[in-house]
file entry-v2.txt (compact mmCIF, C-alpha atoms and all ligand atoms)
# COMPACT_ATOMS: atom_id res chain seq x y z
CA MET A 2 0.00 0.00 0.00
CA LEU A 3 2.75 2.42 -1.01
CA LEU A 4 0.28 5.05 -2.30
CA LYS A 5 -2.42 4.93 0.39
CA GLY A 6 -4.31 8.23 0.48
CA LYS A 7 -2.59 9.68 -2.59
CA THR A 8 -4.40 10.66 -5.80
CA ALA A 9 -2.88 10.02 -9.23
CA VAL A 10 -3.88 11.37 -12.63
CA ILE A 11 -2.94 9.14 -15.57
CA THR A 12 -3.40 10.02 -19.24
CA GLY A 13 -4.40 7.38 -21.81
CA ALA A 14 -5.15 4.66 -19.29
CA SER A 15 -7.95 2.68 -20.92
CA ARG A 16 -5.43 0.13 -22.24
CA GLY A 17 -1.75 -0.84 -22.41
CA ILE A 18 0.85 0.64 -20.09
CA GLY A 19 -1.53 3.33 -18.76
CA ARG A 20 -4.01 0.67 -17.72
CA GLY A 21 -1.24 -1.35 -16.05
CA ILE A 22 -0.15 1.74 -14.08
CA ALA A 23 -3.76 2.42 -13.02
CA GLU A 24 -4.12 -1.17 -11.77
CA VAL A 25 -0.85 -1.20 -9.80
CA PHE A 26 -1.62 2.23 -8.31
CA ALA A 27 -5.15 1.25 -7.21
CA GLN A 28 -3.76 -1.99 -5.72
CA ASN A 29 -1.39 0.22 -3.72
CA GLY A 30 -4.20 2.36 -2.32
CA ALA A 31 -4.14 5.33 -4.72
CA ASN A 32 -7.27 7.11 -5.87
CA VAL A 33 -7.11 7.22 -9.66
CA ALA A 34 -8.34 9.84 -12.13
CA PHE A 35 -7.61 8.66 -15.64
CA THR A 36 -8.23 9.90 -19.15
CA TYR A 37 -9.12 8.07 -22.33
CA SER A 38 -9.43 9.28 -25.89
CA SER A 39 -12.12 7.09 -27.46
CA SER A 40 -13.26 3.83 -25.84
CA GLU A 41 -15.83 4.76 -23.19
CA SER A 42 -16.81 1.12 -22.60
CA LYS A 43 -13.20 0.15 -21.80
CA ALA A 44 -12.90 3.17 -19.48
CA LEU A 45 -16.07 2.26 -17.59
CA GLU A 46 -14.92 -1.35 -17.30
CA LEU A 47 -11.59 -0.17 -15.83
CA GLU A 48 -13.38 2.22 -13.43
CA LYS A 49 -15.35 -0.74 -12.10
CA GLU A 50 -12.26 -2.95 -11.78
CA LEU A 51 -10.20 -0.32 -9.95
CA SER A 52 -13.07 0.57 -7.60
CA SER A 53 -13.00 -3.01 -6.32
CA TYR A 54 -9.74 -2.11 -4.53
CA GLY A 55 -11.70 0.32 -2.33
CA VAL A 56 -10.26 3.50 -3.86
CA LYS A 57 -11.97 6.44 -5.56
CA VAL A 58 -11.82 6.22 -9.36
CA LYS A 59 -13.11 8.43 -12.14
CA SER A 60 -12.50 8.44 -15.90
CA TYR A 61 -12.54 11.53 -18.13
CA LYS A 62 -12.77 11.67 -21.90
CA SER A 63 -10.06 14.21 -22.67
CA ASP A 64 -7.60 14.95 -25.45
CA ALA A 65 -4.14 15.37 -23.90
CA ALA A 66 -2.97 17.18 -27.05
CA SER A 67 -5.45 20.02 -26.43
CA PHE A 68 -4.30 22.78 -24.09
CA GLU A 69 -7.89 23.88 -23.33
CA ALA A 70 -9.02 20.31 -22.64
CA CYS A 71 -6.17 19.82 -20.12
CA GLU A 72 -7.05 23.09 -18.34
CA LEU A 73 -10.66 21.95 -18.06
CA LEU A 74 -9.58 18.49 -16.92
CA ALA A 75 -7.39 19.93 -14.14
CA SER A 76 -10.26 21.98 -12.75
CA GLU A 77 -12.68 19.01 -12.93
CA VAL A 78 -10.24 16.57 -11.32
CA THR A 79 -9.30 19.05 -8.60
CA SER A 80 -12.93 19.62 -7.70
CA ASP A 81 -13.70 15.86 -7.79
CA PHE A 82 -10.62 14.73 -5.81
CA GLU A 83 -9.58 17.89 -3.91
CA THR A 84 -5.84 17.24 -4.20
CA VAL A 85 -3.65 15.56 -6.80
CA ASP A 86 -0.30 14.10 -5.73
CA VAL A 87 0.96 12.34 -8.85
CA LEU A 88 0.70 13.13 -12.55
CA ILE A 89 1.57 10.42 -15.08
CA ASN A 90 1.90 11.60 -18.66
CA ASN A 91 1.49 8.31 -20.51
CA ALA A 92 -0.65 9.05 -23.60
CA GLY A 93 1.24 8.41 -26.81
CA ILE A 94 0.92 7.39 -30.44
CA THR A 95 3.20 6.19 -33.24
CA ARG A 96 3.08 7.14 -36.93
CA ASP A 97 6.18 5.28 -38.12
CA ASN A 98 7.79 5.85 -41.49
CA LEU A 99 11.16 6.56 -43.01
CA LEU A 100 11.76 10.30 -43.25
CA MET A 101 11.47 10.06 -47.04
CA ARG A 102 7.85 8.92 -46.68
CA MET A 103 6.90 10.69 -43.45
CA SER A 104 4.20 13.32 -43.97
CA GLU A 105 4.20 16.66 -42.18
CA GLU A 106 0.91 15.58 -40.58
CA ASP A 107 2.48 12.39 -39.16
CA PHE A 108 5.32 14.42 -37.69
CA ASP A 109 3.04 17.09 -36.20
CA ASP A 110 0.50 14.59 -34.79
CA VAL A 111 3.16 12.62 -32.93
CA ILE A 112 4.76 15.76 -31.49
CA ARG A 113 1.36 17.12 -30.43
CA VAL A 114 0.10 13.93 -28.76
CA ASN A 115 3.40 12.73 -27.24
CA LEU A 116 5.24 15.94 -26.32
CA LYS A 117 2.87 18.92 -26.36
CA SER A 118 0.50 16.88 -24.16
CA VAL A 119 3.20 16.71 -21.47
CA PHE A 120 3.46 20.52 -21.51
CA ASN A 121 -0.35 20.88 -21.46
CA MET A 122 -0.89 18.52 -18.53
CA THR A 123 2.09 19.66 -16.47
CA LYS A 124 1.15 23.31 -16.84
CA ALA A 125 -2.47 22.59 -15.93
CA PHE A 126 -1.65 20.52 -12.82
CA GLN A 127 1.38 22.45 -11.56
CA ARG A 128 -0.88 25.06 -9.93
CA GLY A 129 -2.17 22.50 -7.46
CA PHE A 130 1.31 21.08 -6.84
CA LEU A 131 2.68 24.57 -6.16
CA LYS A 132 -0.13 25.34 -3.72
CA GLN A 133 0.37 22.14 -1.72
CA ARG A 134 4.18 22.30 -2.07
CA SER A 135 4.48 18.71 -3.20
CA GLY A 136 3.94 16.56 -6.26
CA SER A 137 5.47 13.86 -8.42
CA ILE A 138 5.39 14.16 -12.20
CA ILE A 139 6.23 11.01 -14.16
CA ASN A 140 6.60 11.21 -17.91
CA VAL A 141 6.59 8.12 -20.12
CA SER A 142 9.42 8.51 -22.62
CA SER A 143 11.09 5.60 -24.46
CA ILE A 144 14.58 4.18 -25.02
CA VAL A 145 14.04 5.37 -28.59
CA GLY A 146 14.22 8.92 -27.20
CA VAL A 147 17.68 8.09 -25.84
CA LYS A 148 19.19 6.22 -28.77
CA GLY A 149 17.01 7.09 -31.82
CA ASN A 150 15.43 4.57 -34.19
CA ALA A 151 15.28 4.35 -37.97
CA GLY A 152 11.69 4.82 -39.14
CA GLN A 153 10.67 6.66 -35.96
CA ALA A 154 12.22 10.12 -36.31
CA ASN A 155 8.95 11.77 -35.20
CA TYR A 156 8.45 9.42 -32.25
CA ALA A 157 12.11 9.52 -31.16
CA ALA A 158 12.10 13.34 -31.32
CA SER A 159 8.96 13.49 -29.17
CA LYS A 160 10.41 11.07 -26.60
CA ALA A 161 13.79 12.86 -26.48
CA GLY A 162 11.85 16.11 -26.02
CA ILE A 163 10.09 14.59 -23.02
CA ILE A 164 13.46 13.89 -21.39
CA GLY A 165 14.58 17.52 -21.85
CA PHE A 166 11.24 18.73 -20.50
CA THR A 167 11.41 16.38 -17.49
CA LYS A 168 14.89 17.55 -16.48
CA SER A 169 14.04 21.24 -16.95
CA ILE A 170 10.91 20.96 -14.82
CA ALA A 171 12.89 19.13 -12.13
CA LEU A 172 15.23 22.15 -11.98
CA GLU A 173 12.36 24.67 -12.00
CA LEU A 174 10.14 23.04 -9.40
CA GLY A 175 12.58 21.24 -7.12
CA SER A 176 12.65 24.06 -4.56
CA ARG A 177 8.86 23.59 -4.12
CA ASN A 178 9.27 19.87 -3.40
CA ILE A 179 7.83 18.93 -6.79
CA ARG A 180 9.71 16.08 -8.45
CA SER A 181 9.85 15.32 -12.17
CA ASN A 182 11.18 12.02 -13.53
CA ALA A 183 10.85 10.00 -16.70
CA ILE A 184 10.49 6.31 -17.45
CA ALA A 185 12.05 5.03 -20.67
CA PRO A 186 10.51 1.66 -21.48
CA GLY A 187 12.19 -0.63 -23.97
CA PHE A 188 10.11 -3.24 -25.76
CA ILE A 189 6.88 -3.64 -23.78
CA GLU A 190 4.29 -6.06 -25.11
CA THR A 191 1.03 -4.07 -25.47
CA GLU A 192 -1.62 -3.33 -28.12
CA MET A 193 0.84 -0.77 -29.55
CA THR A 194 3.54 -3.40 -30.18
CA ALA A 195 0.98 -6.08 -31.18
CA GLN A 196 0.73 -4.26 -34.51
CA LEU A 197 4.30 -5.39 -35.31
CA ASP A 198 5.17 -8.41 -37.43
CA ASP A 199 5.85 -11.64 -35.43
CA ALA A 200 9.37 -11.99 -36.90
CA VAL A 201 10.19 -8.42 -35.85
CA VAL A 202 8.91 -9.11 -32.33
CA GLN A 203 11.07 -12.23 -32.03
CA GLN A 204 14.09 -10.26 -33.26
CA TRP A 205 13.46 -7.66 -30.55
CA ARG A 206 13.19 -10.36 -27.86
CA ASP A 207 16.41 -12.04 -29.00
CA GLY A 208 18.30 -8.77 -28.69
CA ILE A 209 17.24 -8.14 -25.08
CA PRO A 210 19.69 -9.33 -22.37
CA LEU A 211 16.77 -10.57 -20.21
CA LYS A 212 15.45 -12.42 -23.32
CA ARG A 213 11.84 -11.26 -23.07
CA GLY A 214 9.66 -8.28 -23.78
CA GLY A 215 8.64 -6.20 -20.77
CA THR A 216 5.17 -6.31 -19.26
CA VAL A 217 2.99 -3.34 -18.39
CA THR A 218 3.50 -4.29 -14.74
CA ASP A 219 7.28 -3.92 -15.17
CA VAL A 220 6.70 -0.31 -16.23
CA ALA A 221 3.99 0.30 -13.63
CA ASN A 222 6.30 -0.82 -10.81
CA ALA A 223 8.92 1.72 -11.90
CA CYS A 224 6.20 4.40 -11.85
CA LEU A 225 5.19 3.19 -8.39
CA PHE A 226 8.72 3.92 -7.16
CA PHE A 227 8.67 7.48 -8.55
CA ALA A 228 5.14 8.12 -7.25
CA SER A 229 5.76 6.85 -3.73
CA ASP A 230 7.74 8.17 -0.78
CA LEU A 231 10.47 5.63 -1.60
CA SER A 232 11.86 8.19 -4.08
CA THR A 233 11.49 11.48 -2.17
CA TYR A 234 15.15 12.40 -2.94
CA VAL A 235 15.04 11.45 -6.63
CA THR A 236 14.28 14.01 -9.33
CA GLY A 237 15.36 14.80 -12.90
CA GLN A 238 16.08 11.14 -13.63
CA VAL A 239 15.33 8.85 -16.54
CA LEU A 240 14.81 5.24 -15.50
CA LEU A 241 15.31 2.71 -18.31
CA VAL A 242 12.89 -0.21 -18.02
CA ASP A 243 14.29 -2.15 -20.92
CA GLY A 244 15.57 -5.57 -19.79
CA GLY A 245 19.11 -4.29 -20.32
CA MET A 246 18.57 -3.42 -24.00
CA LEU A 247 20.62 -0.22 -23.92
CA THR A 248 23.37 -1.67 -21.77
P1 LIG B 301 -1.23 2.07 -26.38
O1 LIG B 301 -1.48 2.50 -27.77
O2 LIG B 301 -1.72 0.72 -25.95
O3 LIG B 301 -1.80 3.14 -25.34
C1 LIG B 301 -1.69 4.52 -25.58
C2 LIG B 301 -2.85 5.18 -24.87
O4 LIG B 301 -2.79 6.59 -25.14
C3 LIG B 301 -4.21 4.67 -25.40
O5 LIG B 301 -5.05 4.42 -24.29
C4 LIG B 301 -4.72 5.85 -26.21
O6 LIG B 301 -6.14 5.94 -26.22
C5 LIG B 301 -4.11 7.02 -25.45
N1 LIG B 301 -4.06 8.24 -26.26
C6 LIG B 301 -3.62 8.38 -27.53
N2 LIG B 301 -3.78 9.66 -27.92
C7 LIG B 301 -4.32 10.33 -26.87
C8 LIG B 301 -4.71 11.68 -26.66
N3 LIG B 301 -4.58 12.61 -27.62
N4 LIG B 301 -5.25 12.03 -25.47
C9 LIG B 301 -5.41 11.10 -24.49
N5 LIG B 301 -5.05 9.81 -24.64
C10 LIG B 301 -4.52 9.43 -25.81
O7 LIG B 301 0.33 2.18 -26.15
P2 LIG B 301 1.26 1.71 -24.92
O8 LIG B 301 2.21 0.73 -25.48
O9 LIG B 301 0.47 1.38 -23.73
O10 LIG B 301 2.08 3.08 -24.69
C11 LIG B 301 1.89 3.93 -23.58
C12 LIG B 301 3.04 4.90 -23.53
O11 LIG B 301 4.26 4.18 -23.40
C13 LIG B 301 3.18 5.74 -24.79
O12 LIG B 301 3.59 7.04 -24.44
C14 LIG B 301 4.27 5.02 -25.55
O13 LIG B 301 4.94 5.89 -26.43
C15 LIG B 301 5.15 4.57 -24.41
N6 LIG B 301 6.04 3.47 -24.74
C16 LIG B 301 5.57 2.25 -25.11
C17 LIG B 301 6.47 1.23 -25.40
C18 LIG B 301 6.02 -0.14 -25.79
O14 LIG B 301 6.88 -0.97 -26.12
N7 LIG B 301 4.75 -0.44 -25.75
C19 LIG B 301 7.84 1.47 -25.32
C20 LIG B 301 8.29 2.73 -24.95
C21 LIG B 301 7.39 3.72 -24.64
call {"tool": "encode", "arguments": {"input": "entry-v2.txt", "output": "structure tokens"}}
result
Amino acid sequence: MLLKGKTAVITGASRGIGRGIAEVFAQNGANVAFTYSSSESKALELEKELSSYGVKVKSYKSDAASFEACELLASEVTSDFETVDVLINNAGITRDNLLMRMSEEDFDDVIRVNLKSVFNMTKAFQRGFLKQRSGSIINVSSIVGVKGNAGQANYAASKAGIIGFTKSIALELGSRNIRSNAIAPGFIETEMTAQLDDAVVQQWRDGIPLKRGGTVTDVANACLFFASDLSTYVTGQVLLVDGGMLT
């Protein structure tokens, strides 16, 4: 029960890594406010599941890429939950292509959803953190943001941007006891990676020192560390959850 009494906001939690984080957080006693972009039925199903842990849960249909929507979300969540202790910026998309074939729209969409969303949400929720003089911001980057990846220039740029943002915010808000850290997952088996060819997936697994893809729980447990009081002296860090891939 590492998060008992705390409230966490998680973007894009109706499936994948976001859902895994919501589950681990609720199991650890956190109240959870989460956003989803389209599937209301999945969101309601998750609300029900998380509530069974005896915590307060509410889902919000909200576009993390919209500045206005994030402002509105922050005021709704703050009035529903009173305080927010943890913000997890998880929402993300891919629009992979070689630069030669990458459209301007595919570049802009990925930057808006993956990077601009982190600005939108952090700006909207920082007011509450500043007032209560505490908060933990956790941004979901990727190892691709550290090392780059052919065919993912837009995605890698967005994830590298998240790391720069995370470190800058850690410097800006540290004196107010607000921490900002990033998680950089490697190959995590979710709906996002299920779109990949089986041979490609096996190639990824073979190249990982721990010889398996990560699970959403592997990522969620790293977020749990950053969200909890176990990490009160840790800020501005990027934790690789990659089975040793970048080692
Ligand atoms: P996913 O596609 O299963 O989940 C992404 C979630 O983001 C979905 O719930 C989607 O509805 C939501 N979303 C998309 N656009 C949104 C928007 N504009 N506003 C609000 N929500 C929106 O993917 P995932 O694998 O669970 O990825 C979660 C995060 O982890 C992403 O940021 C992704 O880049 C990152 N990541 C994933 C992997 C991996 O191997 N799966 C590796 C590194 C990083």
call {"tool": "residues_near_ligand", "arguments": {"input": "entry-v2.txt", "ligand": "ligand LIG 301 (chain B)", "cutoff": "6 Å", "atoms": "all atoms listed in the file", "output": "VMD selection string"}}
result
chain A and resid 12 to 19 37 to 38 63 to 66 91 to 94 114 141 to 143 186 to 194
call {"tool": "closest_residue", "arguments": {"input": "entry-v2.txt", "among": "A:Gly21, A:Gly237, A:Gly175, A:Gly165", "to": "Leu47 in chain A", "atoms": "all atoms listed in the file"}}
result
A:Gly21
call {"tool": "residues_near_point", "arguments": {"input": "entry-v2.txt", "point": "(5.3, 16.1, -36.4)", "cutoff": "10 Å", "atoms": "all atoms listed in the file", "output": "ChimeraX atom specification"}}
result
/A:96,103-115,154-156,158-159
call {"tool": "atom_distance", "arguments": {"input": "entry-v2.txt", "atom1": "CA of Lys148 in chain A", "atom2": "CA of Val201 in chain A"}}
result
18.6 Å
call {"tool": "residues_around", "arguments": {"input": "entry-v2.txt", "residues": "Ser53 in chain A", "least_positions_apart": "6", "cutoff": "12 Å", "atoms": "only C-alpha atoms", "output": "PyMOL selection string"}}
result
chain A and resi 24+27-28+30+32+46-47
call {"tool": "residues_near_point", "arguments": {"input": "entry-v2.txt", "point": "(17.3, 7.9, -27.2)", "cutoff": "10 Å", "atoms": "only C-alpha atoms", "output": "PDB file with C-alpha atoms, in the coordinates of the input"}}
result
ATOM      1  CA  SER A 142       9.420   8.510 -22.620  1.00  0.00           C
ATOM      2  CA  SER A 143      11.090   5.600 -24.460  1.00  0.00           C
ATOM      3  CA  ILE A 144      14.580   4.180 -25.020  1.00  0.00           C
ATOM      4  CA  VAL A 145      14.040   5.370 -28.590  1.00  0.00           C
ATOM      5  CA  GLY A 146      14.220   8.920 -27.200  1.00  0.00           C
ATOM      6  CA  VAL A 147      17.680   8.090 -25.840  1.00  0.00           C
ATOM      7  CA  LYS A 148      19.190   6.220 -28.770  1.00  0.00           C
ATOM      8  CA  GLY A 149      17.010   7.090 -31.820  1.00  0.00           C
ATOM      9  CA  ASN A 150      15.430   4.570 -34.190  1.00  0.00           C
ATOM     10  CA  ALA A 157      12.110   9.520 -31.160  1.00  0.00           C
ATOM     11  CA  ALA A 158      12.100  13.340 -31.320  1.00  0.00           C
ATOM     12  CA  LYS A 160      10.410  11.070 -26.600  1.00  0.00           C
ATOM     13  CA  ALA A 161      13.790  12.860 -26.480  1.00  0.00           C
ATOM     14  CA  GLY A 162      11.850  16.110 -26.020  1.00  0.00           C
ATOM     15  CA  ILE A 164      13.460  13.890 -21.390  1.00  0.00           C
ATOM     16  CA  ALA A 185      12.050   5.030 -20.670  1.00  0.00           C
ATOM     17  CA  LEU A 247      20.620  -0.220 -23.920  1.00  0.00           C
TER      18      LEU A 247
END
call {"tool": "residues_around", "arguments": {"input": "entry-v2.txt", "residues": "Phe26 in chain A", "least_positions_apart": "3", "cutoff": "12 Å", "atoms": "only C-alpha atoms", "output": "PyMOL selection string"}}
result
chain A and resi 2-11+14+19-23+29-35+51-52+54-58+87-89+218+220-229
call {"tool": "atom_distance", "arguments": {"input": "entry-v2.txt", "atom1": "CA of Gly244 in chain A", "atom2": "CA of Leu211 in chain A"}}
result
5.2 Å
call {"tool": "atom_distance", "arguments": {"input": "entry-v2.txt", "atom1": "CA of Ser76 in chain A", "atom2": "CA of Thr123 in chain A"}}
result
13.1 Å
call {"tool": "decode", "arguments": {"input": "entry-v2.txt", "residues": "range 165-214 of chain A", "atoms": "C-alpha atoms", "output": "mmCIF file, in the first residue's frame"}}
result
data_model
loop_
_atom_site.group_PDB
_atom_site.id
_atom_site.type_symbol
_atom_site.label_atom_id
_atom_site.label_comp_id
_atom_site.auth_asym_id
_atom_site.auth_seq_id
_atom_site.Cartn_x
_atom_site.Cartn_y
_atom_site.Cartn_z
ATOM 1 C CA GLY A 165 14.580 17.519 -21.851
ATOM 2 C CA PHE A 166 11.241 18.728 -20.502
ATOM 3 C CA THR A 167 11.410 16.382 -17.493
ATOM 4 C CA LYS A 168 14.890 17.545 -16.481
ATOM 5 C CA SER A 169 14.042 21.241 -16.952
ATOM 6 C CA ILE A 170 10.909 20.959 -14.818
ATOM 7 C CA ALA A 171 12.893 19.126 -12.131
ATOM 8 C CA LEU A 172 15.229 22.150 -11.981
ATOM 9 C CA GLU A 173 12.363 24.673 -12.000
ATOM 10 C CA LEU A 174 10.135 23.041 -9.401
ATOM 11 C CA GLY A 175 12.580 21.236 -7.121
ATOM 12 C CA SER A 176 12.646 24.064 -4.560
ATOM 13 C CA ARG A 177 8.859 23.589 -4.117
ATOM 14 C CA ASN A 178 9.270 19.867 -3.402
ATOM 15 C CA ILE A 179 7.834 18.931 -6.787
ATOM 16 C CA ARG A 180 9.711 16.079 -8.451
ATOM 17 C CA SER A 181 9.853 15.319 -12.167
ATOM 18 C CA ASN A 182 11.175 12.023 -13.527
ATOM 19 C CA ALA A 183 10.854 9.995 -16.702
ATOM 20 C CA ILE A 184 10.492 6.308 -17.448
ATOM 21 C CA ALA A 185 12.054 5.032 -20.669
ATOM 22 C CA PRO A 186 10.512 1.658 -21.482
ATOM 23 C CA GLY A 187 12.186 -0.628 -23.973
ATOM 24 C CA PHE A 188 10.106 -3.244 -25.761
ATOM 25 C CA ILE A 189 6.885 -3.639 -23.782
ATOM 26 C CA GLU A 190 4.288 -6.055 -25.109
ATOM 27 C CA THR A 191 1.030 -4.073 -25.467
ATOM 28 C CA GLU A 192 -1.621 -3.325 -28.120
ATOM 29 C CA MET A 193 0.845 -0.771 -29.551
ATOM 30 C CA THR A 194 3.540 -3.397 -30.177
ATOM 31 C CA ALA A 195 0.980 -6.077 -31.178
ATOM 32 C CA GLN A 196 0.728 -4.261 -34.513
ATOM 33 C CA LEU A 197 4.302 -5.392 -35.312
ATOM 34 C CA ASP A 198 5.175 -8.405 -37.432
ATOM 35 C CA ASP A 199 5.852 -11.641 -35.427
ATOM 36 C CA ALA A 200 9.373 -11.990 -36.895
ATOM 37 C CA VAL A 201 10.190 -8.421 -35.854
ATOM 38 C CA VAL A 202 8.905 -9.107 -32.331
ATOM 39 C CA GLN A 203 11.072 -12.227 -32.035
ATOM 40 C CA GLN A 204 14.092 -10.265 -33.264
ATOM 41 C CA TRP A 205 13.457 -7.658 -30.555
ATOM 42 C CA ARG A 206 13.185 -10.360 -27.864
ATOM 43 C CA ASP A 207 16.412 -12.036 -29.004
ATOM 44 C CA GLY A 208 18.304 -8.771 -28.694
ATOM 45 C CA ILE A 209 17.241 -8.141 -25.078
ATOM 46 C CA PRO A 210 19.690 -9.330 -22.366
ATOM 47 C CA LEU A 211 16.771 -10.573 -20.211
ATOM 48 C CA LYS A 212 15.454 -12.418 -23.325
ATOM 49 C CA ARG A 213 11.842 -11.259 -23.070
ATOM 50 C CA GLY A 214 9.659 -8.278 -23.780
#
